[in-house]
>>> print(open('run-v7.txt').read())   # compact mmCIF, C-alpha atoms and all ligand atoms
# COMPACT_ATOMS: atom_id res chain seq x y z
CA MET A 1 -112.94 61.76 -99.85
CA ARG A 2 -116.16 59.85 -99.68
CA LYS A 3 -116.11 59.95 -95.89
CA ILE A 4 -115.67 63.75 -95.82
CA ASP A 5 -118.54 64.25 -98.24
CA ALA A 6 -120.78 62.15 -96.04
CA ASP A 7 -119.84 64.23 -92.98
CA VAL A 8 -120.62 67.50 -94.76
CA ILE A 9 -124.05 66.25 -95.75
CA LYS A 10 -124.70 64.94 -92.26
CA ASN A 11 -123.68 68.18 -90.58
CA SER A 12 -125.44 70.61 -92.91
CA LYS A 13 -128.89 71.73 -91.87
CA PRO A 14 -131.38 73.27 -94.23
CA PHE A 15 -131.28 77.08 -94.01
CA ASN A 16 -128.35 77.50 -91.68
CA LYS A 17 -127.33 81.08 -90.91
CA PRO A 18 -124.81 81.90 -93.72
CA ASP A 19 -127.26 80.57 -96.33
CA LEU A 20 -130.05 82.77 -95.01
CA ILE A 21 -127.80 85.85 -95.22
CA VAL A 22 -126.95 85.06 -98.84
CA TYR A 23 -130.62 84.64 -99.72
CA LEU A 24 -131.48 87.86 -97.92
CA LEU A 25 -128.72 89.79 -99.73
CA ALA A 26 -129.88 88.41 -103.08
CA ALA A 27 -133.45 89.45 -102.31
CA VAL A 28 -132.32 92.96 -101.32
CA LEU A 29 -130.19 93.23 -104.47
CA ILE A 30 -133.06 92.17 -106.72
CA PHE A 31 -135.36 94.63 -104.99
CA ALA A 32 -132.80 97.45 -105.37
CA LEU A 33 -132.33 96.65 -109.06
CA PHE A 34 -136.08 96.64 -109.52
CA LEU A 35 -136.36 100.03 -107.80
CA CYS A 36 -133.63 101.82 -109.73
CA CYS A 37 -134.02 100.28 -113.18
CA LYS A 38 -137.77 99.91 -113.57
CA PRO A 39 -138.67 103.62 -113.66
CA ARG A 40 -135.83 104.31 -116.11
CA ALA A 41 -136.97 101.66 -118.52
CA GLU A 42 -140.54 102.87 -118.43
CA GLY A 43 -139.98 106.55 -117.69
CA GLN A 44 -140.87 109.46 -119.90
CA ILE A 45 -139.18 109.87 -123.26
CA GLY A 46 -135.90 111.76 -123.27
CA LYS A 47 -135.21 111.59 -126.97
CA MET A 48 -136.99 110.25 -130.03
CA SER A 49 -135.37 109.26 -133.27
CA ILE A 50 -136.40 108.07 -136.69
CA SER A 51 -134.13 105.72 -138.56
CA ARG A 52 -134.41 104.30 -142.03
CA SER A 53 -132.61 101.04 -142.82
CA GLY A 54 -130.59 101.59 -139.66
CA GLU A 55 -129.53 105.17 -140.49
CA THR A 56 -130.78 107.97 -138.23
CA ILE A 57 -132.55 110.59 -140.34
CA PHE A 58 -134.27 112.54 -137.58
CA SER A 59 -133.92 112.98 -133.84
CA TYR A 60 -135.43 115.25 -131.25
CA ASP A 61 -134.23 115.68 -127.69
CA PHE A 62 -137.18 116.59 -125.46
CA THR A 63 -134.92 117.81 -122.65
CA SER A 64 -132.58 120.14 -124.54
CA GLY A 65 -134.82 120.81 -127.57
CA ALA A 66 -131.97 119.84 -129.90
CA MET A 67 -133.16 118.59 -133.25
CA TYR A 68 -131.47 116.81 -136.12
CA ALA A 69 -133.11 116.30 -139.49
CA ASP A 70 -131.71 114.95 -142.74
CA LYS A 71 -133.15 117.64 -144.98
CA GLU A 72 -133.13 115.45 -148.06
CA GLN A 73 -135.54 112.99 -146.49
CA VAL A 74 -137.26 114.86 -143.70
CA SER A 75 -139.25 118.08 -143.39
CA VAL A 76 -140.36 119.54 -140.07
CA SER A 77 -143.11 122.02 -139.33
CA GLU A 78 -143.66 123.43 -135.88
CA SER A 79 -146.72 124.97 -134.29
CA GLY A 80 -146.84 125.56 -130.54
CA ASN A 81 -145.90 122.37 -128.76
CA THR A 82 -146.50 120.25 -131.84
CA LEU A 83 -143.83 119.10 -134.26
CA LEU A 84 -145.02 117.54 -137.49
CA VAL A 85 -142.24 115.50 -139.05
CA THR A 86 -142.74 114.24 -142.58
CA VAL A 87 -140.39 111.55 -143.85
CA TYR A 88 -140.13 111.11 -147.61
CA THR A 89 -139.25 107.56 -148.49
CA GLY A 90 -139.03 107.87 -152.28
CA GLU A 91 -141.54 107.20 -155.08
CA ASN A 92 -144.06 109.52 -153.40
CA GLY A 93 -143.92 107.49 -150.20
CA TYR A 94 -144.21 109.34 -146.92
CA ASN A 95 -144.83 108.98 -143.20
CA ALA A 96 -146.01 111.86 -141.04
CA VAL A 97 -145.16 111.75 -137.35
CA GLN A 98 -146.66 114.14 -134.84
CA ILE A 99 -144.59 114.92 -131.75
CA ASP A 100 -146.07 116.53 -128.65
CA LYS A 101 -143.18 118.39 -127.02
CA ALA A 102 -145.04 119.07 -123.77
CA ALA A 103 -146.43 115.56 -123.28
CA ARG A 104 -143.20 113.92 -124.53
CA SER A 105 -145.07 111.59 -126.83
CA PHE A 106 -145.44 110.93 -130.53
CA PHE A 107 -147.46 108.89 -132.99
CA VAL A 108 -147.52 108.12 -136.69
CA LYS A 109 -150.25 110.39 -137.98
CA ASP A 110 -150.38 109.41 -141.62
CA ALA A 111 -148.60 107.27 -144.18
CA ASN A 112 -149.10 105.73 -147.58
CA CYS A 113 -146.99 102.66 -146.95
CA SER A 114 -149.61 99.98 -147.42
CA ALA A 115 -153.35 99.40 -147.46
CA ARG A 116 -153.29 98.35 -143.82
CA LYS A 117 -151.12 101.25 -142.58
CA ASP A 118 -150.02 99.33 -139.50
CA CYS A 119 -147.73 102.16 -138.39
CA VAL A 120 -150.60 104.66 -138.34
CA HIS A 121 -152.68 102.31 -136.24
CA SER A 122 -149.93 101.51 -133.75
CA PRO A 123 -150.45 103.06 -130.30
CA ASP A 124 -148.92 106.39 -129.24
CA VAL A 125 -145.34 106.14 -128.04
CA THR A 126 -145.28 107.69 -124.58
CA LYS A 127 -142.39 105.98 -122.76
CA GLY A 128 -138.68 105.46 -123.20
CA GLY A 129 -137.88 102.10 -124.72
CA GLN A 130 -141.06 101.95 -126.77
CA SER A 131 -141.09 102.25 -130.54
CA ALA A 132 -143.25 102.15 -133.62
CA VAL A 133 -142.20 100.71 -136.95
CA CYS A 134 -143.20 101.01 -140.58
CA VAL A 135 -142.09 97.80 -142.20
CA PRO A 136 -142.87 98.70 -145.86
CA HIS A 137 -140.91 101.97 -145.56
CA GLU A 138 -138.16 100.43 -143.36
CA LEU A 139 -138.66 103.09 -140.71
CA VAL A 140 -138.21 102.80 -136.95
CA PHE A 141 -139.62 105.48 -134.68
CA ALA A 142 -137.84 104.90 -131.40
CA ALA A 143 -138.05 106.50 -127.95
CA GLU A 144 -135.14 106.55 -125.57
CA GLY A 145 -135.40 106.98 -121.82
CA GLY A 146 -134.89 110.32 -120.14
CA SER A 147 -132.05 109.49 -117.78
CA PRO A 148 -128.76 110.78 -119.19
CA ASP A 149 -126.68 108.30 -117.20
CA ARG A 150 -128.65 105.32 -118.40
CA PRO A 151 -126.24 102.46 -118.99
CA VAL A 152 -125.97 101.36 -122.60
CA VAL A 153 -126.51 97.63 -122.86
CA GLY A 154 -125.54 95.72 -125.98
ZN ZN B 201 -146.33 102.11 -142.37
>>> encode(input="run-v7.txt", output="C-alpha cells")
Amino acid sequence: MRKIDADVIKNSKPFNKPDLIVYLLAAVLIFALFLCCKPRAEGQIGKMSISRSGETIFSYDFTSGAMYADKEQVSVSESGNTLLVTVYTGENGYNAVQIDKAARSFFVKDANCSARKDCVHSPDVTKGGQSAVCVPHELVFAAEGGSPDRPVVG
C-alpha cells in the first residue's frame, strides 16, 4: 500500500485538468447561488407580521392585501396607503406601528414600553428578512420576503 501511495503523490501535478473543472464548477455554483438567493433575501417585503411571545397577532400581505388582526389585542386604522396598527399589551401598554402599503415598509411609531423606547428608535423595516423588536412588550415586528416560492429553511 505504501508503494501505491507514493506513486500517486509522485504522479499528481498541482491543478491537473479534472481538479480545475471541479473548482470551476464550484465557482459557477457559488455565483449562481449568490445571484438567485441574494435578491430574495434582501428584496422588498412581501408580508409583515407582529407576534407576541411567539404568537402571531397581526399580519399584512402587501401583495394580496390580506390582513389578519387579533381584535382583542390589535386595532387597525387605515387612511390612504397608510395602516396604523396599535397593539395593546395589557396594563395600558401599547405599540403603534405605521405601515406604508405603497412603499412596502413599516416602523414602530410610538410605544410606552420603556424610558428608552428602543423599538421606536429602531430603523424603518424596508426589506424582507429584517425585523424590529420590542423586548419589554415581547413583540416582534417581522418582514418576510416577497417571493412566494422562497424555500423555508429551519
Ligand atoms: Zn419597545
>>> residues_near_ligand(input="run-v7.txt", ligand="ligand ZN 201 (chain B)", cutoff="12 Å", atoms="all atoms listed in the file", output="PyMOL selection string")
chain A and resi 87+89+93-97+107-122+132-141
>>> axis_aligned_box(input="run-v7.txt", around="stretch 76-86 of chain A", padding_each_side="4 Å", output="JSON")
{"center_x": -143.6, "center_y": 119.9, "center_z": -135.7, "size_x": 14.5, "size_y": 19.3, "size_z": 21.8}
>>> atom_distance(input="run-v7.txt", atom1="atom CA of A:Gly129", atom2="atom CA of A:Gly145")
6.2 Å
>>> atom_distance(input="run-v7.txt", atom1="atom CA of A:Glu72", atom2="atom CA of A:Ser59")
14.5 Å
>>> atom_distance(input="run-v7.txt", atom1="atom CA of A:Gln130", atom2="atom CA of A:Val28")
28.4 Å
>>> closest_residue(input="run-v7.txt", among="A:Ser131, A:Gln73, A:Gln44, A:Val22", to="A:Phe58", atoms="all atoms listed in the file")
A:Gln73
>>> closest_residue(input="run-v7.txt", among="A:Ile21, A:Val76, A:Leu29, A:Leu83", to="A:Ser105", atoms="all atoms listed in the file")
A:Leu83
>>> closest_residue(input="run-v7.txt", among="A:Ile99, A:Met67, A:Val74, A:Ala26", to="A:Arg52", atoms="all atoms listed in the file")
A:Val74
